[in-house]
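S.K.: Below you will find the structure I want to go over with you.
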Amino acid sequence: MQASSGMLTKFESKSSRAKGIAFHPKRPWILVSLHSSTIQLWDYRMGTLIDRFEEHDGPVRGVDFHKTQPLFVSGGDDYKIKVWSYQTRRCLFTLNGHLDYVRTVFFHHELPWIVSASDDQTIRIWNWQNRSLLCTMTGHNHYAMCAQFHPKEDLVVSASLDQSVRVWDISGLRKKHSAPTSMSFEDQVSRANANQTDMFGNTDAVVKFVLEGHDRGVNWVAFHPTMPLIVSAGDDRLIKLWRMSETKAWEVDTCRGHFQNASGCLFHPHQDLILSAGEDKTIRVWDLNKRTAVHTFKRENDRFWVIAAHPEINLFAAGHDNGVMVFKLERERPASAVYQNTLFYITKDKCVKSYDFQKNAESPTMLSLKKLGSPWVPPRTLSYNPAERSVLVTSPADGGTYELVNLPRDGSGAIEPSESKRGQGNSAIFVARNRFAVLNTSTQTVDIKDLTNNTTRSFKPPVGTSDIYFGGTGNLLIITPTAVHLYDIQQKKTTAELAVNGVKYVVWSNDGLYAALLSKHNVTIVTKTLEQVSTLHETIRIKSATWDDAGVLLYSTLNHVKYTLLNGDNGIVRTLDQTVYLVRVKGRNVYCLDRAAKPRILQIDPTEYRFKLALVKRNYEEMLHIIQNSSLVGQSIISYLQKKGYPEIALQFVQDPATRFELAIECGNLEVAVEVAKQLDRPKLWSRLSTEALAHGNHSVVEMCYQKLKQFDKLSFLYLTTGDNAKLSRMAKIAEHRGDFTSRFQNALYLGEVEDRIQMFKEIDLYPLAFMTAKAHGLEEECQSILEATGLTEDQLSLPTFGEPLTPPKPVVPTFQANWPTKATSQSIFEKALLGQVEGLSLEDEPAAANGLGEAEEEAKRDLLGEPDEDEDAAGWDMGEDIVAEVEEGFVNVESADAGGAGSSEADLWARNSPLAVDHVAGGSFETAMQLLNRQVGAVNLAPLKPRFLEVYQASKTYLPASAGLPPLVNYVRRNVEESDPRKVLPIIPRDLEYLASHDLHRGYDSMKANKLEDGRSIFKGILHSVLVNAVGSESEVTEAKKLISSASEYTVAMSIELARRALGTPDQVNQNPQLLKRSLELSAYFTIPKIEVPHRQLALLNAMNLAVRSRNYNSALSFANRILANGGASKILDNARKTKAQCERNPHDAVEIEFDQFAEFEICAASHTPIYSGTAYEECAFDGSKYHTKYKGTVCVVCEVCEVGKHGSGLKLFA
Amino acid sequence: MDPYSAEGELINIHNAFHQGQHREVLDFDVSSLSSDNALPARVLQLRARLALGQADDVLADVQGETAPELVAVGALAEQARGNTDKAVAAIEGLAKGDAGDNATVQVLGGTVLAAAGKAEEALALLGRHQGSLDAVALIVQIYLQQNRTDLAVKEVAAARRWAQDSLLVNLAESWVGLRLGGEKYQQAFYVFEELAQAPATSSAQSLVSQAVAELHLGRTEEAQAALDQALKKGSEYAADAIANQLVLSVITGKGSEELLSSLQKADARHPLLTDLAEKSDLFDKAATKYKAKVAA
């Protein structure tokens, strides 16, 4: 019955000929008036008939819904116009007046008016509020077939079999009827009446234009919703387009194509299209601007009589000989793809945009796809390749096409794709980062293509393949109408198959372990190996789905968002007022695209499914959290828990004792059950409890139940079985009291008390039995006494033969003392938590950002306080030495393995490409590297650089395992990753400048603060060595590197000075020796000279000040105190300095004369630790800039330990 | 029909071998194979055992066998045990005769010769192949070892023309890609990642390869993750994993001494160690050329 491929039929009904159709503006309803006099109200979404209205006599030709009121109007061959309420489901009133068939009826969009067209050649306007005829428009001289109000202006357009279309101006009518409010009701009535009586002065409605052009009768006419256009359909098989201005109207063009009478036509509400329907069994779609046919949908047997459009959404309806069909012209599902936190989608105007879920922000247009496919066919799918940042778009146009386009790196402006690759195919998806698959359904082939659009392989998919989807790495999911195949691309075969009908979409979970197969009414969840996990059925059409991070599938139907867990538990999350396509769930937000391809965020309450999920996963903490923080607990969840076999959890929620009892019994929690049973004290509960307790072997509870129930028999038997003879005899006593002989007998029997039994028999005059009992147990005396009492002799009795008398078995184990042991059921975490440890559970994870901040602060604090970090300090320096030790051990020449080669390795290229020592080192060309260093900075003692050399060298090569049996392939790691020109490639450098500045330097500072000067000095020397053999990326970094060098150098000198002072001896030794004391004081003063960071200098000053005070060098101390105060900073040090200053100012004299002039400018010789006053000659290290007295020229610099003092090279080169 | 082609019986075992899934190769059910393919499958399994370090067992297994393929396997086993001369002699013997036209002999012989440093001889032997992708891959590797990237590129391009999208061609192309760099890094990464991250094809070898590609791309964290995964996979290629981890560790500014000693333990003959020792020596020698004018 499908009219034509490409038509998206949403609903079809079967009935007699449908003559009139109207969409409800809000609800998914359609009114259909039939030739059989019935008016049907359908829900086209659900496909159900809501109501039937049968009051017309004969065919009903016109119907219309009111926009806001629960009303509709109909007009029929009985000349009547009826106004109905669909709420009360009856006809409110009838408007009589037409003298022939009523063809169409329409409500006015704001006034309480109805316009009708009739075979009596008139068009009439009615007021449905006061149920009166306002105006009769005469002029047509044949049947008036159709009349409609203009959607905005005071115009009416009409079509008639007199071959004309007329436009009527009804502004006069409006003026008359929407008068100022001051006008009284009477006035209105009188004026209205006055008009009605007006026979000829048709001033209310005048013909504005008469449009002539059809050369047969005109069946339908319609205004354009916004533009001054009119479209009409006539028996001349033509669709005519008319334009009007204020003063005139003219024919624009004709759409030719119908080969039978054209019965209806309309403008597309949103797009530049015209739709028409005709008796040639076709619906045709025309381009409004070009007047060319866009689509033709043909129906086999049914002539079309009427066509209508939904005012808001993209839906149309057409009535034909056998009913009605509701359809849309194009798919409204926007093509989209999600990658991590970004949604890529195609808008209605065919632009690719992205949406950031984190920022909730839309990007500007990234790409325009206007040129893809035909203008009226939206793209069907979008597949995104994050690595290449490209998209693969398919469009059903031209039998299916795909296009591979790169997204611009910086998304800005509407950009035409600069380069695209396209081809024929119905489905195209990325299957790997550099491969995509294209399905061609007509040839039934799947091609795997690379990014240059070349086919690398191709294969035949299973028969009838309709679509393909990504199937996990290296796999495809191939969809056929009846099954889904998991297809291994490499092996070219189906590895799994699952029979599922009509799958339309596949949605993978975020972790790639599960996929949801969506068909029209089913959701099937499968694993990645295509094993079915669960399936569910929906009566309403399923539109889309997306996975929660926790593995819950959220899916949308036409009117709901629902969830399903992997185990198939499902439920409703929220209702929808319009269809949306879910793309992502994050917390309480569901992101989706609506039909206008706009991203939207829906709020949901995920509590229910999270709880259920937690339950399935037994994640009790999560459950607790949910319970505490939401009002989840209701009957539904309890019954859910019970149904799903979690009575013990449900038990925790329930207050109602009856339910509690049920749950307790169900989960075997006797304690709770007893407690509740006591509370309720109902026999029925006790009996159920006893059964359950018996099953548990908990006989004390059973006993209690029997006691409560006064079930003496059972109680006795229980005592018997548990061997509780004491209680049995008490039972016997009780039985005696009650005078219940049966019970007494039974108890006696259980106890094996023969006398008691005999006694009882005697009491109730059952002497024969008493005798027998006595006889059987050999109690002859008793026998005799019975015989005497009865006056009989033994001879008179005929006795059966006796066997051995039975005695009840003696209990071996005193079972009654304790319940039967049962395996202790440990309380679940959940129960425990609920019972008392609730407080312990933390609520939410602390936001990560806060943590980060905290850490940063902590680090900052540590910096300030100078807390030591010993392990870290040690690592940097020791490492190097270890390497040296180890590599020296075994020397194997592997030269031979490489020697046979005919080419030069990349390592050789590095040395060739770069003038930097470090690149030569990385290339293994140590000799040239050393030469360079010698020439640049006068490096002469290279041994300390060995760790650095080897470090750089080690970082330069990776080992790629290739063919089995051969050594790994060596590859060379580059620092310019993007570069592939062999003349420009350069090696990677470990511990580059940035790393040194952010790690090693800070470690150095830390050791300074922590007073670990030995370590600190090694660290700073390490920095010097690392910078010496290094490379930077720009000229500005060279300056930074220089700063780093001089800073490291200053620290090294400073620390060396202080270390030298400490090496003088213990404080006592120093104090006793004036020579040493002097030197010590000098060194402490010099320690304050190098340009180190201010907080560190404060430490040096504090140190010098304290030493000076102790040696009563108040003058020096005063100068240090002043410098401390000038520097500012930590208040503790300042206070200290202030105190010292006050103390020293009283007596500003030095007890020990030292060589330290606080006012002179000088620097410290790194080797001798003596001042080099400004103006005197000095030598320096070409690399680190440390100063020396001239006598040290030619020695190895003690700071860097590498360069020769006074040897000036070309300068260190770090940037080529 | 070529048994290694996509439709052939041996495709899976062959792929598993080249993906470094040696244990899967051994677990492969070979009983159902046709008689023609039984021997190649056995050779693959023997090679897998060699790769797993069972050289002695393999040698015992092929003892007394006369089929040239198995003799070649024997030579490979000898080589693995360190008897390079013996292995080379055996291969040279085979190469002289008709057995030199046997694809398996070419591949195994090429491996032995290349490993013995006789690259030219290996290339000569491998050059006799007729449509063997194994041989192509080996040739590519030898060219790369010789730093003849240009020849390797040509070899791969030629193979791609007749071998479509096969695993070995992809691998060989990726090997070359890691030499060429630039955009090729990313493409190589795709190939390795696809192998390494799909559970069906993942192996220590492919994980290490992926890590190497990441490392070259400057993605140190990802490289670290892949190496950790590789080390978890077991002892195969552990030495390579450690070696690369060492490189990574140095690049990220962390210490390397711990890794050096664990590499020493894993494979004392690993090229990284031998190379480093050589360079250390070179350094010491070179450093003696420089001296300060005045001793301090």
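Labeling convention for the structure tokens: chains A, B, ... as they appear, residues from 1 per chain, ligands from 1 in order of appearance.
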Please return, as an MDAnalysis selection string, all residues of stretch 530-616 of chain A that DSSP assigns to strand (DSSP E or B) on the basis of the backbone.
M.R.: chainID A and resid 532:537 542:547 553:557 560:564 570:575 580:586 589:594 599:603
S.K.: Could you pull the residues within 9 Å of stretch 70-81 of chain B, counting only C-alpha atoms, minus those fewer than 5 positions along the same chain, as a PDB file with N, CA and C atoms, in the first residue's frame?
M.R.:
```pdb
ATOM      1  N   GLY A 965      61.880 -12.884  15.818  1.00  0.00           N
ATOM      2  CA  GLY A 965      63.209 -13.439  15.585  1.00  0.00           C
ATOM      3  C   GLY A 965      64.245 -12.393  15.248  1.00  0.00           C
TER       4      GLY A 965
ATOM      5  N   LEU B  39      51.475 -28.274   7.273  1.00  0.00           N
ATOM      6  CA  LEU B  39      52.880 -27.944   7.513  1.00  0.00           C
ATOM      7  C   LEU B  39      53.080 -26.451   7.787  1.00  0.00           C
ATOM      8  N   VAL B  43      54.692 -24.892  11.115  1.00  0.00           N
ATOM      9  CA  VAL B  43      55.821 -23.972  11.134  1.00  0.00           C
ATOM     10  C   VAL B  43      55.476 -22.724  11.940  1.00  0.00           C
ATOM     11  N   LEU B  46      55.582 -23.543  15.525  1.00  0.00           N
ATOM     12  CA  LEU B  46      56.957 -23.657  16.005  1.00  0.00           C
ATOM     13  C   LEU B  46      57.585 -22.282  16.172  1.00  0.00           C
ATOM     14  N   ARG B  47      57.304 -21.426  15.225  1.00  0.00           N
ATOM     15  CA  ARG B  47      57.866 -20.071  15.329  1.00  0.00           C
ATOM     16  C   ARG B  47      57.296 -19.341  16.535  1.00  0.00           C
ATOM     17  N   LEU B  50      59.123 -20.494  19.428  1.00  0.00           N
ATOM     18  CA  LEU B  50      60.428 -19.830  19.473  1.00  0.00           C
ATOM     19  C   LEU B  50      60.292 -18.433  20.067  1.00  0.00           C
ATOM     20  N   ALA B  51      59.262 -17.766  19.602  1.00  0.00           N
ATOM     21  CA  ALA B  51      59.056 -16.408  20.101  1.00  0.00           C
ATOM     22  C   ALA B  51      58.773 -16.424  21.599  1.00  0.00           C
ATOM     23  N   GLY B  53      60.220 -18.348  23.537  1.00  0.00           N
ATOM     24  CA  GLY B  53      61.467 -18.705  24.218  1.00  0.00           C
ATOM     25  C   GLY B  53      61.676 -20.196  24.416  1.00  0.00           C
ATOM     26  N   GLN B  54      60.943 -21.003  23.652  1.00  0.00           N
ATOM     27  CA  GLN B  54      61.095 -22.444  23.828  1.00  0.00           C
ATOM     28  C   GLN B  54      62.008 -23.036  22.761  1.00  0.00           C
ATOM     29  N   ALA B  55      63.166 -22.447  22.603  1.00  0.00           N
ATOM     30  CA  ALA B  55      64.053 -22.853  21.517  1.00  0.00           C
ATOM     31  C   ALA B  55      64.474 -24.319  21.635  1.00  0.00           C
ATOM     32  N   ASP B  56      64.800 -24.746  22.848  1.00  0.00           N
ATOM     33  CA  ASP B  56      65.270 -26.121  23.026  1.00  0.00           C
ATOM     34  C   ASP B  56      64.201 -27.126  22.627  1.00  0.00           C
ATOM     35  N   ASP B  57      62.975 -26.852  23.058  1.00  0.00           N
ATOM     36  CA  ASP B  57      61.874 -27.759  22.735  1.00  0.00           C
ATOM     37  C   ASP B  57      61.661 -27.823  21.233  1.00  0.00           C
ATOM     38  N   VAL B  58      61.713 -26.661  20.617  1.00  0.00           N
ATOM     39  CA  VAL B  58      61.481 -26.619  19.177  1.00  0.00           C
ATOM     40  C   VAL B  58      62.563 -27.423  18.465  1.00  0.00           C
ATOM     41  N   LEU B  59      63.788 -27.244  18.916  1.00  0.00           N
ATOM     42  CA  LEU B  59      64.897 -27.951  18.287  1.00  0.00           C
ATOM     43  C   LEU B  59      64.681 -29.457  18.388  1.00  0.00           C
ATOM     44  N   ALA B  60      64.233 -29.869  19.583  1.00  0.00           N
ATOM     45  CA  ALA B  60      63.977 -31.290  19.775  1.00  0.00           C
ATOM     46  C   ALA B  60      62.846 -31.752  18.854  1.00  0.00           C
ATOM     47  N   ASP B  61      61.896 -30.893  18.691  1.00  0.00           N
ATOM     48  CA  ASP B  61      60.715 -31.221  17.888  1.00  0.00           C
ATOM     49  C   ASP B  61      61.076 -31.482  16.429  1.00  0.00           C
ATOM     50  N   VAL B  62      61.981 -30.667  15.901  1.00  0.00           N
ATOM     51  CA  VAL B  62      62.286 -30.802  14.467  1.00  0.00           C
ATOM     52  C   VAL B  62      63.523 -31.672  14.232  1.00  0.00           C
ATOM     53  N   GLN B  63      64.052 -32.226  15.295  1.00  0.00           N
ATOM     54  CA  GLN B  63      65.229 -33.074  15.175  1.00  0.00           C
ATOM     55  C   GLN B  63      64.945 -34.212  14.203  1.00  0.00           C
ATOM     56  N   GLY B  64      65.805 -34.349  13.231  1.00  0.00           N
ATOM     57  CA  GLY B  64      65.653 -35.471  12.304  1.00  0.00           C
ATOM     58  C   GLY B  64      64.670 -35.223  11.186  1.00  0.00           C
ATOM     59  N   GLU B  65      63.955 -34.128  11.216  1.00  0.00           N
ATOM     60  CA  GLU B  65      63.026 -33.836  10.124  1.00  0.00           C
ATOM     61  C   GLU B  65      63.823 -33.424   8.884  1.00  0.00           C
ATOM     62  N   LYS B  86      76.146 -21.998  13.333  1.00  0.00           N
ATOM     63  CA  LYS B  86      75.482 -23.232  12.934  1.00  0.00           C
ATOM     64  C   LYS B  86      74.218 -22.911  12.141  1.00  0.00           C
ATOM     65  N   ALA B  87      73.477 -21.954  12.647  1.00  0.00           N
ATOM     66  CA  ALA B  87      72.223 -21.571  12.009  1.00  0.00           C
ATOM     67  C   ALA B  87      72.487 -21.036  10.610  1.00  0.00           C
ATOM     68  N   VAL B  88      73.454 -20.143  10.523  1.00  0.00           N
ATOM     69  CA  VAL B  88      73.747 -19.544   9.220  1.00  0.00           C
ATOM     70  C   VAL B  88      74.187 -20.623   8.234  1.00  0.00           C
ATOM     71  N   ALA B  89      75.020 -21.542   8.715  1.00  0.00           N
ATOM     72  CA  ALA B  89      75.485 -22.610   7.836  1.00  0.00           C
ATOM     73  C   ALA B  89      74.303 -23.402   7.304  1.00  0.00           C
ATOM     74  N   ALA B  90      73.386 -23.754   8.190  1.00  0.00           N
ATOM     75  CA  ALA B  90      72.228 -24.539   7.770  1.00  0.00           C
ATOM     76  C   ALA B  90      71.428 -23.783   6.716  1.00  0.00           C
ATOM     77  N   ILE B  91      71.243 -22.515   6.936  1.00  0.00           N
ATOM     78  CA  ILE B  91      70.441 -21.724   5.998  1.00  0.00           C
ATOM     79  C   ILE B  91      71.165 -21.593   4.670  1.00  0.00           C
ATOM     80  N   LEU B  94      70.617 -24.571   2.714  1.00  0.00           N
ATOM     81  CA  LEU B  94      69.279 -24.650   2.115  1.00  0.00           C
ATOM     82  C   LEU B  94      69.161 -23.694   0.925  1.00  0.00           C
ATOM     83  N   THR B 104      58.657 -20.447   2.918  1.00  0.00           N
ATOM     84  CA  THR B 104      58.940 -20.549   4.350  1.00  0.00           C
ATOM     85  C   THR B 104      60.431 -20.496   4.600  1.00  0.00           C
ATOM     86  N   VAL B 105      61.186 -21.216   3.762  1.00  0.00           N
ATOM     87  CA  VAL B 105      62.632 -21.227   3.926  1.00  0.00           C
ATOM     88  C   VAL B 105      63.181 -19.817   3.730  1.00  0.00           C
ATOM     89  N   GLN B 106      62.625 -19.129   2.768  1.00  0.00           N
ATOM     90  CA  GLN B 106      63.095 -17.751   2.524  1.00  0.00           C
ATOM     91  C   GLN B 106      62.889 -16.886   3.759  1.00  0.00           C
ATOM     92  N   LEU B 108      62.304 -17.785   6.943  1.00  0.00           N
ATOM     93  CA  LEU B 108      63.076 -18.191   8.116  1.00  0.00           C
ATOM     94  C   LEU B 108      64.554 -17.924   7.879  1.00  0.00           C
ATOM     95  N   GLY B 109      64.994 -18.247   6.666  1.00  0.00           N
ATOM     96  CA  GLY B 109      66.397 -18.018   6.341  1.00  0.00           C
ATOM     97  C   GLY B 109      66.728 -16.548   6.409  1.00  0.00           C
ATOM     98  N   THR B 111      65.330 -14.345   8.171  1.00  0.00           N
ATOM     99  CA  THR B 111      65.384 -13.936   9.576  1.00  0.00           C
ATOM    100  C   THR B 111      66.744 -14.292  10.171  1.00  0.00           C
ATOM    101  N   VAL B 112      67.169 -15.529   9.924  1.00  0.00           N
ATOM    102  CA  VAL B 112      68.428 -15.988  10.509  1.00  0.00           C
ATOM    103  C   VAL B 112      69.579 -15.127   9.997  1.00  0.00           C
ATOM    104  N   ALA B 115      69.451 -11.561  11.301  1.00  0.00           N
ATOM    105  CA  ALA B 115      69.809 -11.498  12.714  1.00  0.00           C
ATOM    106  C   ALA B 115      71.308 -11.706  12.894  1.00  0.00           C
ATOM    107  N   ALA B 116      71.910 -12.435  11.957  1.00  0.00           N
ATOM    108  CA  ALA B 116      73.348 -12.672  12.044  1.00  0.00           C
ATOM    109  C   ALA B 116      74.136 -11.515  11.447  1.00  0.00           C
TER     110      ALA B 116
END
```
S.K.: Counting only C-alpha atoms, figure out which residue out of A:Thr473, A:Ser1116, A:Ser1084, A:Ser164 gets nearest to B:Leu195.
M.R.: A:Thr473
S.K.: Under the rule that only C-alpha atoms are counted, which of B:Glu221, B:Asp36, B:Asp29, B:Glu9 is the nearest residue to chain A?
M.R.: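 That would be B:Glu9, the residue with the smallest distance to chain A.
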S.K.: Would you compute the distance between atom CA of A:Glu54 and atom CA of A:Thr38? Give it in Å to one decimal.
M.R.: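 Atom CA of A:Thr38 lies 4.9 Å from atom CA of A:Glu54.
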S.K.: Would you list the contacts of A:Arg17 as a ChimeraX atom specification, taking every protein, DNA or RNA residue within 9 Å and counting only C-alpha atoms, but skipping same-chain residues closer than 6 positions in sequence?
M.R.: /A:33-36,305,319-324
S.K.: Could you give me the residues within stretch 96-157 of chain B that DSSP places in helix (DSSP H, G or I), as a ChimeraX atom specification?
M.R.: /B:96,98-101,103-115,119-126,133-145,149-157
S.K.: Can you work out which one of A:Glu388, A:Asp1150, A:Glu763, A:Asp119 has the shortest atom-to-atom distance to chain B, counting only C-alpha atoms?
M.R.: A:Glu388
